[in-house]
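Structure file data09.txt with compact mmCIF, C-alpha atoms:
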```
# COMPACT_ATOMS: atom_id res chain seq x y z
CA MET A 19 1.20 -11.64 25.49
CA LEU A 20 -0.96 -12.53 22.51
CA THR A 21 -2.01 -8.89 22.21
CA VAL A 22 1.62 -7.80 21.99
CA PHE A 23 2.28 -10.55 19.46
CA ILE A 24 -0.58 -9.49 17.19
CA ARG A 25 0.25 -5.79 17.53
CA SER A 26 3.87 -6.44 16.62
CA ILE A 27 2.81 -8.21 13.43
CA ILE A 28 0.39 -5.43 12.46
CA ILE A 29 2.94 -2.68 13.06
CA TYR A 30 5.72 -4.58 11.30
CA VAL A 31 3.56 -5.09 8.20
CA LEU A 32 2.53 -1.44 8.24
CA LEU A 33 6.16 -0.33 8.51
CA ILE A 34 7.09 -2.42 5.48
CA ILE A 35 4.21 -0.91 3.51
CA VAL A 36 5.15 2.64 4.48
CA ILE A 37 8.87 2.18 3.81
CA ARG A 38 8.02 0.71 0.41
CA LEU A 39 5.70 3.60 -0.32
CA MET A 40 8.46 6.04 0.64
CA GLY A 41 10.72 4.50 -1.97
CA LYS A 42 14.21 3.07 -2.37
CA ARG A 43 15.90 6.25 -1.16
CA GLN A 44 14.81 5.48 2.37
CA ILE A 45 16.86 2.34 2.30
CA GLY A 46 19.78 3.74 0.34
CA GLU A 47 21.23 7.24 0.44
CA LEU A 48 19.43 9.23 3.11
CA GLN A 49 19.03 12.97 3.02
CA PRO A 50 18.80 14.66 6.46
CA PHE A 51 14.99 14.92 6.47
CA GLU A 52 14.69 11.28 5.40
CA PHE A 53 17.09 10.22 8.14
CA VAL A 54 14.93 12.03 10.71
CA ILE A 55 11.79 10.35 9.44
CA THR A 56 13.40 6.92 9.52
CA LEU A 57 14.53 7.41 13.12
CA VAL A 58 11.19 8.78 14.30
CA ILE A 59 9.15 6.09 12.56
CA ALA A 60 11.08 3.40 14.40
CA GLU A 61 10.44 5.09 17.75
CA VAL A 62 6.71 5.71 17.32
CA ALA A 63 6.15 2.22 15.96
CA CYS A 64 7.66 0.60 19.05
CA ILE A 65 5.49 2.40 21.60
CA PRO A 66 2.13 0.67 20.97
CA MET A 67 3.91 -2.58 20.07
CA SER A 68 4.78 -3.26 23.67
CA ASP A 69 2.36 -1.06 25.64
CA THR A 70 -1.07 -2.59 25.28
CA SER A 71 -2.76 0.26 27.18
CA ILE A 72 -2.08 2.50 24.18
CA PRO A 73 -4.45 2.04 21.24
CA LEU A 74 -2.87 0.74 18.04
CA SER A 75 -4.10 3.84 16.26
CA HIS A 76 -1.60 5.88 18.34
CA GLY A 77 1.19 4.07 16.48
CA ILE A 78 -0.46 3.73 13.08
CA ILE A 79 -1.48 7.36 12.70
CA PRO A 80 2.02 8.79 13.35
CA ILE A 81 3.51 6.31 10.88
CA PHE A 82 1.13 7.33 8.14
CA THR A 83 1.40 11.00 9.05
CA LEU A 84 5.17 10.78 8.59
CA PHE A 85 4.68 9.08 5.25
CA ILE A 86 2.34 11.86 4.11
CA LEU A 87 4.77 14.54 5.32
CA HIS A 88 7.64 12.79 3.59
CA LEU A 89 5.71 12.62 0.33
CA PHE A 90 4.75 16.30 0.37
CA ILE A 91 8.25 17.43 1.32
CA THR A 92 9.72 15.28 -1.45
CA LYS A 93 7.28 16.73 -4.00
CA ILE A 94 8.06 20.29 -2.94
CA ALA A 95 11.80 19.61 -2.97
CA LYS A 96 11.47 18.19 -6.47
CA ALA A 97 9.65 21.28 -7.68
CA SER A 98 11.82 23.91 -5.96
CA VAL A 99 15.62 24.03 -6.04
CA LYS A 100 15.63 26.72 -3.32
CA PHE A 101 13.56 24.58 -1.00
CA ARG A 102 15.80 21.61 -1.73
CA ARG A 103 18.84 23.69 -0.77
CA VAL A 104 17.24 24.75 2.50
CA LEU A 105 16.16 21.20 3.29
CA ASN A 106 19.23 19.21 2.27
CA GLY A 107 22.00 21.75 2.01
CA LYS A 108 24.27 21.62 -1.03
CA PRO A 109 27.30 19.59 -2.05
CA VAL A 110 30.58 21.26 -1.14
CA ILE A 111 34.03 20.91 -2.71
CA VAL A 112 36.48 19.99 0.07
CA ILE A 113 39.49 19.15 -2.10
CA ASN A 114 40.30 21.07 -5.27
CA PRO A 115 43.38 21.21 -7.52
CA GLN A 116 44.97 23.62 -5.00
CA GLY A 117 44.55 21.06 -2.21
CA ILE A 118 42.34 20.74 0.88
CA ASP A 119 40.02 23.71 1.46
CA ASN A 120 40.40 24.08 5.22
CA LYS A 121 37.96 27.04 5.38
CA VAL A 122 35.21 24.81 4.04
CA LEU A 123 36.18 22.03 6.44
CA ASP A 124 35.92 24.50 9.35
CA LYS A 125 32.47 25.60 8.21
CA LEU A 126 31.35 21.99 8.02
CA ASP A 127 32.99 20.99 11.35
CA PHE A 128 34.69 18.29 9.35
CA ASP A 129 38.22 17.58 10.51
CA ILE A 130 41.20 16.33 8.53
CA ASN A 131 41.05 12.87 10.08
CA ASP A 132 37.42 12.47 8.99
CA LEU A 133 38.37 13.61 5.50
CA LEU A 134 41.31 11.23 5.24
CA ALA A 135 39.19 8.34 6.53
CA SER A 136 36.51 9.11 3.92
CA ILE A 137 38.96 9.22 1.03
CA ARG A 138 40.71 6.05 2.22
CA ALA A 139 37.33 4.30 2.22
CA GLN A 140 37.17 5.14 -1.49
CA GLY A 141 40.64 3.69 -2.12
CA TYR A 142 42.69 6.89 -2.16
CA PHE A 143 45.39 7.04 0.47
CA SER A 144 46.60 10.55 -0.19
CA PRO A 145 44.94 13.85 -1.15
CA ALA A 146 47.72 14.10 -3.74
CA GLU A 147 45.84 11.50 -5.82
CA ILE A 148 42.66 13.56 -5.89
CA GLN A 149 41.63 16.30 -8.30
CA TYR A 150 38.30 17.07 -6.61
CA ALA A 151 36.54 15.70 -3.57
CA ILE A 152 32.94 16.72 -2.96
CA LEU A 153 31.08 16.27 0.30
CA GLU A 154 27.55 15.37 -0.74
CA THR A 155 24.38 16.34 1.10
CA ASN A 156 23.95 12.80 2.38
CA GLY A 157 27.37 12.93 4.06
CA LYS A 158 29.23 10.80 1.52
CA ILE A 159 32.35 11.95 -0.30
CA SER A 160 32.56 11.73 -4.10
CA ILE A 161 36.01 11.72 -5.63
CA MET A 162 37.37 12.67 -9.01
CA PRO A 163 40.94 11.38 -9.08
CA LYS A 164 43.80 13.03 -10.93
CA ALA A 165 44.27 11.76 -14.48
CA ALA A 166 47.41 9.84 -13.54
CA ASN A 167 45.54 8.06 -10.75
CA LYS A 168 42.46 7.10 -12.72
CA ALA A 169 41.93 3.40 -13.31
CA ALA A 170 42.54 2.45 -16.91
CA THR A 171 39.41 1.76 -18.92
CA VAL A 172 38.80 -0.16 -22.12
CA GLY A 173 38.42 3.20 -23.86
CA ASP A 174 42.03 4.08 -22.93
CA ILE A 175 43.35 0.91 -24.55
CA LYS A 176 41.13 0.46 -27.57
CA ASP A 177 40.17 2.98 -30.22
CA PHE A 178 36.78 1.45 -30.82
CA VAL A 179 34.65 0.04 -28.02
CA THR A 180 31.30 -1.72 -28.39
CA GLU A 181 28.73 -1.02 -25.71
CA SER A 182 27.67 -3.89 -23.46
CA GLU A 183 24.12 -5.00 -23.09
CA ILE A 184 22.47 -5.59 -19.80
CA PRO A 185 22.21 -9.30 -18.99
CA TYR A 186 18.69 -10.66 -18.89
CA THR A 187 17.53 -13.12 -16.27
CA LEU A 188 15.42 -15.63 -18.17
CA ILE A 189 14.90 -18.19 -15.39
CA CYS A 190 15.07 -17.42 -11.70
CA GLU A 191 14.61 -20.06 -8.99
CA GLY A 192 12.70 -22.42 -11.23
CA LYS A 193 10.40 -19.79 -12.75
CA LEU A 194 10.45 -18.45 -16.29
CA MET A 195 10.62 -14.63 -16.36
CA GLN A 196 8.25 -13.99 -19.26
CA GLU A 197 8.84 -10.25 -19.39
CA ASN A 198 12.62 -10.66 -19.59
CA VAL A 199 12.28 -13.35 -22.26
CA LYS A 200 10.30 -10.85 -24.35
CA LEU A 201 12.80 -8.05 -23.75
CA SER A 202 15.81 -10.20 -24.53
CA GLY A 203 14.46 -11.20 -27.96
CA ILE A 204 15.29 -14.85 -27.25
CA ALA A 205 12.64 -17.26 -28.49
CA GLN A 206 11.02 -19.71 -26.07
CA VAL A 207 12.05 -22.48 -28.47
CA GLN A 208 15.72 -21.56 -28.02
CA ILE A 209 15.39 -21.72 -24.24
CA ASP A 210 13.65 -25.12 -24.43
CA GLU A 211 16.33 -26.48 -26.75
CA LEU A 212 19.08 -25.23 -24.48
CA LEU A 213 17.51 -26.81 -21.39
CA ASN A 214 16.89 -30.10 -23.24
CA LYS A 215 20.50 -30.19 -24.38
CA HIS A 216 21.61 -30.11 -20.74
CA SER A 217 18.79 -32.41 -19.57
CA LEU A 218 17.19 -29.67 -17.54
CA THR A 219 13.75 -28.20 -17.12
CA VAL A 220 12.67 -24.73 -16.04
CA LYS A 221 11.76 -26.09 -12.60
CA ASN A 222 15.22 -27.52 -11.85
CA THR A 223 17.10 -24.47 -13.10
CA LEU A 224 18.26 -22.08 -10.40
CA LEU A 225 19.37 -19.32 -12.78
CA LEU A 226 19.61 -18.73 -16.50
CA THR A 227 20.95 -15.42 -17.74
CA VAL A 228 21.91 -14.28 -21.19
CA ASN A 229 23.92 -11.27 -22.28
CA GLU A 230 24.93 -10.02 -25.68
CA LYS A 231 22.02 -12.24 -26.87
CA THR A 232 24.27 -15.33 -26.90
CA ILE A 233 26.39 -15.73 -23.77
CA ILE A 234 24.65 -17.99 -21.32
CA TYR A 235 25.08 -18.57 -17.61
CA LEU A 236 23.05 -21.65 -16.71
CA GLN A 237 23.00 -22.77 -13.08
CA PRO A 238 20.99 -25.85 -12.18
CA TYR A 239 20.04 -26.63 -8.58
CA ASN A 240 22.79 -28.58 -6.78
CA ALA A 241 25.02 -28.84 -9.86
CA PRO A 242 27.89 -26.82 -11.30
CA ALA A 243 27.21 -23.83 -13.50
CA ILE A 244 27.24 -24.17 -17.26
CA TYR A 245 28.80 -21.49 -19.45
CA ASP A 246 27.62 -21.70 -23.02
CA LYS A 247 26.47 -19.72 -26.01
CA PHE A 248 23.11 -19.81 -27.67
CA SER A 249 24.47 -20.08 -31.20
CA GLU A 250 26.62 -23.09 -30.24
CA ALA A 251 24.02 -24.65 -27.90
CA CYS A 252 21.01 -24.62 -30.17
CA MET B 240 0.57 10.13 -8.97
CA LYS B 241 -0.47 6.82 -7.42
CA LYS B 242 1.47 7.65 -4.24
CA LEU B 243 -0.12 11.07 -4.06
CA ILE B 244 -3.60 9.56 -4.31
CA ILE B 245 -2.73 7.03 -1.60
CA ALA B 246 -1.34 9.80 0.62
CA LEU B 247 -4.39 12.02 0.15
CA SER B 248 -6.72 9.08 0.83
CA ILE B 249 -4.85 8.25 4.04
CA LEU B 250 -4.94 11.92 5.03
CA ALA B 251 -8.71 12.01 4.49
CA VAL B 252 -9.15 8.84 6.57
CA ILE B 253 -7.00 10.23 9.41
CA ILE B 254 -8.84 13.55 9.50
CA GLY B 255 -12.21 11.82 9.22
CA ALA B 256 -11.35 9.34 11.97
CA GLY B 257 -10.01 12.16 14.14
CA ALA B 258 -13.19 14.19 13.72
CA PHE B 259 -15.32 11.13 14.47
CA GLU B 260 -13.26 10.40 17.59
CA GLN B 261 -13.70 13.96 18.86
CA VAL B 262 -17.45 13.92 18.35
CA TYR B 263 -17.94 10.40 19.73
CA VAL B 264 -15.81 10.92 22.84
CA SER B 265 -17.37 14.30 23.58
CA LYS B 266 -20.94 13.01 23.16
CA THR B 267 -20.29 9.86 25.21
CA LEU B 268 -18.77 11.78 28.11
CA ASP B 269 -21.51 14.44 28.00
CA ASN B 270 -24.02 11.60 28.15
CA PHE B 271 -22.12 10.16 31.10
CA ILE B 272 -22.40 13.45 32.99
CA GLU B 273 -26.15 13.55 32.33
CA ARG B 274 -26.51 10.02 33.69
CA THR B 275 -24.54 10.88 36.83
CA GLU B 276 -26.85 13.90 37.32
CA ALA B 277 -29.83 11.55 36.98
CA LEU B 278 -28.23 9.22 39.55
CA LYS B 279 -27.76 12.14 41.93
CA VAL B 280 -31.46 12.99 41.61
CA ALA B 281 -32.38 9.33 42.14
CA LEU B 282 -30.29 9.28 45.32
CA THR B 283 -32.00 12.28 46.83
CA VAL B 284 -35.56 11.68 45.61
CA SER B 285 -36.34 8.04 44.85
CA ASN B 286 -35.66 4.56 46.23
CA ASN B 287 -34.22 2.96 43.13
CA ALA B 288 -30.80 4.63 43.29
CA LEU B 289 -29.01 1.27 43.41
CA GLU B 290 -30.70 0.10 40.21
CA GLU B 291 -29.82 3.39 38.55
CA ALA B 292 -26.21 3.02 39.68
CA GLU B 293 -25.99 -0.52 38.35
CA GLU B 294 -27.50 0.64 35.04
CA LEU B 295 -24.87 3.36 34.91
CA GLU B 296 -22.14 0.80 35.59
CA LYS B 297 -23.41 -1.47 32.76
CA TRP B 298 -23.63 1.47 30.39
CA TRP B 299 -20.12 2.65 31.28
CA ILE B 300 -18.53 -0.80 30.89
CA GLU B 301 -20.03 -1.05 27.39
CA LYS B 302 -18.96 2.43 26.30
CA LYS B 303 -15.51 2.05 27.83
CA GLN B 304 -14.77 -0.74 25.35
CA TYR B 305 -15.11 1.64 22.43
CA LEU B 306 -13.37 4.51 24.17
CA GLU B 307 -10.38 2.26 24.96
CA ALA B 308 -10.03 1.55 21.23
CA LEU B 309 -9.51 5.27 20.71
CA SER B 310 -7.62 6.46 23.79
CA PRO B 311 -5.09 5.15 26.33
CA HIS B 312 -6.72 2.79 28.80
CA ASN B 313 -5.32 4.37 31.96
CA PHE B 314 -7.55 7.41 31.35
CA PHE B 315 -10.61 5.37 32.20
CA MET B 316 -9.37 3.40 35.20
CA ASP B 317 -10.07 6.13 37.76
CA ILE B 318 -13.56 6.69 36.41
CA THR B 319 -14.34 2.97 36.62
CA TYR B 320 -13.11 2.88 40.24
CA SER B 321 -15.28 5.89 41.08
CA VAL B 322 -18.36 4.22 39.60
CA TYR B 323 -17.77 1.14 41.73
CA GLU B 324 -17.21 3.29 44.79
CA VAL B 325 -20.55 5.01 44.21
CA ILE B 326 -22.26 1.62 43.96
CA GLY B 327 -20.52 0.49 47.13
CA ASN B 328 -21.62 3.63 48.99
CA ILE B 329 -25.23 3.20 47.85
CA GLU B 330 -25.28 -0.51 48.80
CA ASN B 331 -24.11 0.45 52.32
CA ASP B 332 -26.64 3.31 52.55
CA GLU B 333 -23.81 5.82 52.69
CA ILE B 334 -25.76 8.49 50.83
CA PRO B 335 -23.62 11.59 51.67
CA GLN B 336 -20.47 9.68 50.61
CA ALA B 337 -22.20 8.52 47.44
CA LEU B 338 -23.17 12.10 46.60
CA THR B 339 -19.59 13.25 47.19
CA ARG B 340 -18.28 10.46 45.05
CA ILE B 341 -20.71 11.40 42.27
CA GLU B 342 -19.38 14.97 42.30
CA ILE B 343 -15.86 13.65 42.06
CA LEU B 344 -16.95 11.38 39.22
CA LYS B 345 -18.45 14.33 37.35
CA GLY B 346 -15.22 16.25 37.79
CA GLN B 347 -13.19 13.30 36.48
CA ILE B 348 -15.46 12.97 33.44
CA SER B 349 -15.25 16.71 32.65
CA ASN B 350 -11.49 16.61 33.03
CA LEU B 351 -11.24 13.57 30.79
CA ASN B 352 -13.45 15.26 28.20
CA HIS B 353 -11.04 18.17 28.20
CA ILE B 354 -7.97 15.91 27.92
CA LEU B 355 -9.31 13.79 25.08
CA CYS B 356 -10.62 16.64 22.97
CA ILE B 357 -8.21 18.73 20.93
CA HIS B 358 -7.05 21.94 22.60
CA TRP B 359 -4.09 24.18 21.79
CA GLU B 360 -2.44 23.54 25.17
CA HIS B 361 -2.39 19.80 24.42
CA VAL B 362 -0.81 20.34 21.01
CA ILE B 363 1.96 22.48 22.51
```

Structure translated into structure tokens:
Amino acid sequence: MLTVFIRSIIIYVLLIIVIRLMGKRQIGELQPFEFVITLVIAEVACIPMSDTSIPLSHGIIPIFTLFILHLFITKIAKASVKFRRVLNGKPVIVINPQGIDNKVLDKLDFDINDLLASIRAQGYFSPAEIQYAILETNGKISIMPKAANKAATVGDIKDFVTESEIPYTLICEGKLMQENVKLSGIAQVQIDELLNKHSLTVKNTLLLTVNEKTIIYLQPYNAPAIYDKFSEAC
Amino acid sequence: MKKLIIALSILAVIIGAGAFEQVYVSKTLDNFIERTEALKVALTVSNNALEEAEELEKWWIEKKQYLEALSPHNFFMDITYSVYEVIGNIENDEIPQALTRIEILKGQISNLNHILCIHWEHVI
């Protein structure tokens, strides 16, 4: 029992390391070859976890072999468009301005019900609302709606639009994020003054973010959030 | 670049470990066959066959530990049973049975050597 327990920990830690090494794509949008690797890794990892007559190396080596294969295939796919096409296929237009391309759907073995379900999942309840729909290589559908069905944007209403800045997290769970403080251009003194004003310290602050260099979201632990501005606060 | 270096390092370790395993397993099992041959000679010629057999058992138990770290354990069970059977036969003065059992043991070891070493029929 203890052997199984220890093996499970070792294999679990190794899996985390390998999935991290493979990158965020493994967790997000999977291409076919990545999907295969993810499935297979789970299978091979489980075998020595529970069967103590099999050496641990018989689980570890396949995991790392798959990681190495994945890395080389990814590098080759990055370097060669042709190889990428062979490996992943290519995106296909399934709806165009003339309507649904049923020949393409036949080729893909994709039926109308699947198509309608996919476009409904994106918020479009009729193909009439769609200019183009593209079936991506990872199986998802991307939609370009018709102009009349596009959501209005600020650009449609205003002539001149200022770009937003990314908010910076200055304090997270009681810890000061030094790198973000540097990037935001906010001085440490300003942060200290702000916290003092609200009788807080870094340690009892759950979250402090700033965007546009002035707009503050300050959330202490077990207390309501504070919305403020740097220029008014300090 | 960092990932590539890590991948190549892991690849080198895997290939190195694989090569080591092949050499170690092959040498250990070849050694085992030599020892069983020596036991066979001891059975037919000398009086200390039982001591030889018990030495062989001790040696095998020690080597099995390392082999089990590299290969599935069930591969070695039959060989261990055969060794004990040989000892049992010798203790009961059943020399013809002991000699037969030693031949079987040699066959098992050769077969295991073949299974554990890389061959094209195992890959396919």

When you get a sec, could you note down which chain B residues fall within 9 Å of chain A, using all atoms listed in the file, as a list in words?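 The complete set of qualifying residues is Lys242, Leu243, Ala246, Leu247, Ile249, Leu250, Ile253, Glu307, Ala308, Leu309, Ser310, Pro311, His312 and Asn313 of chain B.
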
May I ask for the distance between CA of Ser248 (chain B) and CA of Val262 (chain B), given in Å to one decimal place?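 The value is 21.1 Å.
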
Record the distance separating CA of Ile37 (chain A) and CA of Glu61 (chain A), expressed in Å with one decimal.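 Between CA of Ile37 (chain A) and CA of Glu61 (chain A) the gap works out to 14.3 Å.
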
Identify, on the basis of only C-alpha atoms, every residue whose closest approach to region 115-127 of chain A does not exceed 10 Å; exclude the query and any residue fewer than 3 positions from it along the same chain; express the result as number ranges by chain. A: 110-112, 130, 132-133, 145-146, 148-151, 153, 164

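Residue nearest Thr232 (chain A), chosen from A:Ile204, A:Leu33, A:Ile59, A:Val220 and counting all atoms listed in the file: A:Ile204.
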
Put a box with edges along x, y and z around all the listed atoms of region 183-187 of chain A, pad it by 3 Å on each side, then give me its centre and sizes in Å, one decimal, as lines of an AutoDock Vina configuration file.
```
center_x = 20.8
center_y = -9.1
center_z = -19.7
size_x = 12.6
size_y = 14.1
size_z = 12.8
```

Neighbouring residues of Glu324 (chain B) were defined as those with any atom within 8 Å, considering all atoms listed in the file; residues of the same chain fewer than 4 positions away were excluded. Please report them as a list in words.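 Final neighbour list, sorted by chain and number: Tyr320, Asn328, Ala337 and Arg340 of chain B.
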
Given the selection you just returned, output its residues as a file containing C-alpha atoms, formatted as a PDB file, in the coordinates of the input.
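part29.pdb was written with the following content:
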```pdb
ATOM      1  CA  TYR B 320     -13.110   2.880  40.240  1.00  0.00           C
ATOM      2  CA  ASN B 328     -21.620   3.630  48.990  1.00  0.00           C
ATOM      3  CA  ALA B 337     -22.200   8.520  47.440  1.00  0.00           C
ATOM      4  CA  ARG B 340     -18.280  10.460  45.050  1.00  0.00           C
TER       5      ARG B 340
END
```

Leaving out Ile348 (chain B) and any residue of its chain fewer than 2 positions from it, which residues lie within 8 Å of it when counting all atoms listed in the file, given as a list in words? Leu268, Phe271, Ile272, Ile318, Leu344, Lys345, Gly346, Asn350, Leu351 and Asn352 of chain B

Contacts of Glu342 (chain B) at 12 Å (only C-alpha atoms; same-chain gap of 6+ positions) as a list in words: Ile272, Thr275, Glu276, Leu278, Lys279, Ile318, Ser321, Val322, Val325, Pro335, Gln336, Ile348 and Ser349 of chain B

For CA of Leu212 (chain A) and CA of Glu191 (chain A), quote the distance in Å rounded to one decimal.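 So the two atoms, CA of Leu212 (chain A) and CA of Glu191 (chain A), lie 16.9 Å apart.
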
What's around region 173-183 of chain A at 9 Å? Count only C-alpha atoms, leave out sequence neighbours fewer than 6 positions away in its own chain, and write the answer as a short mmCIF file (atom, residue, chain, number, x, y, z; two decimals) with C-alpha atoms, in the frame of the given file.
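Saved as selection_23.cif:
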```
data_model
loop_
_atom_site.label_atom_id
_atom_site.label_comp_id
_atom_site.auth_asym_id
_atom_site.auth_seq_id
_atom_site.Cartn_x
_atom_site.Cartn_y
_atom_site.Cartn_z
CA ASN A 229 23.92 -11.27 -22.28
CA GLU A 230 24.93 -10.02 -25.68
CA LYS A 231 22.02 -12.24 -26.87
#
```
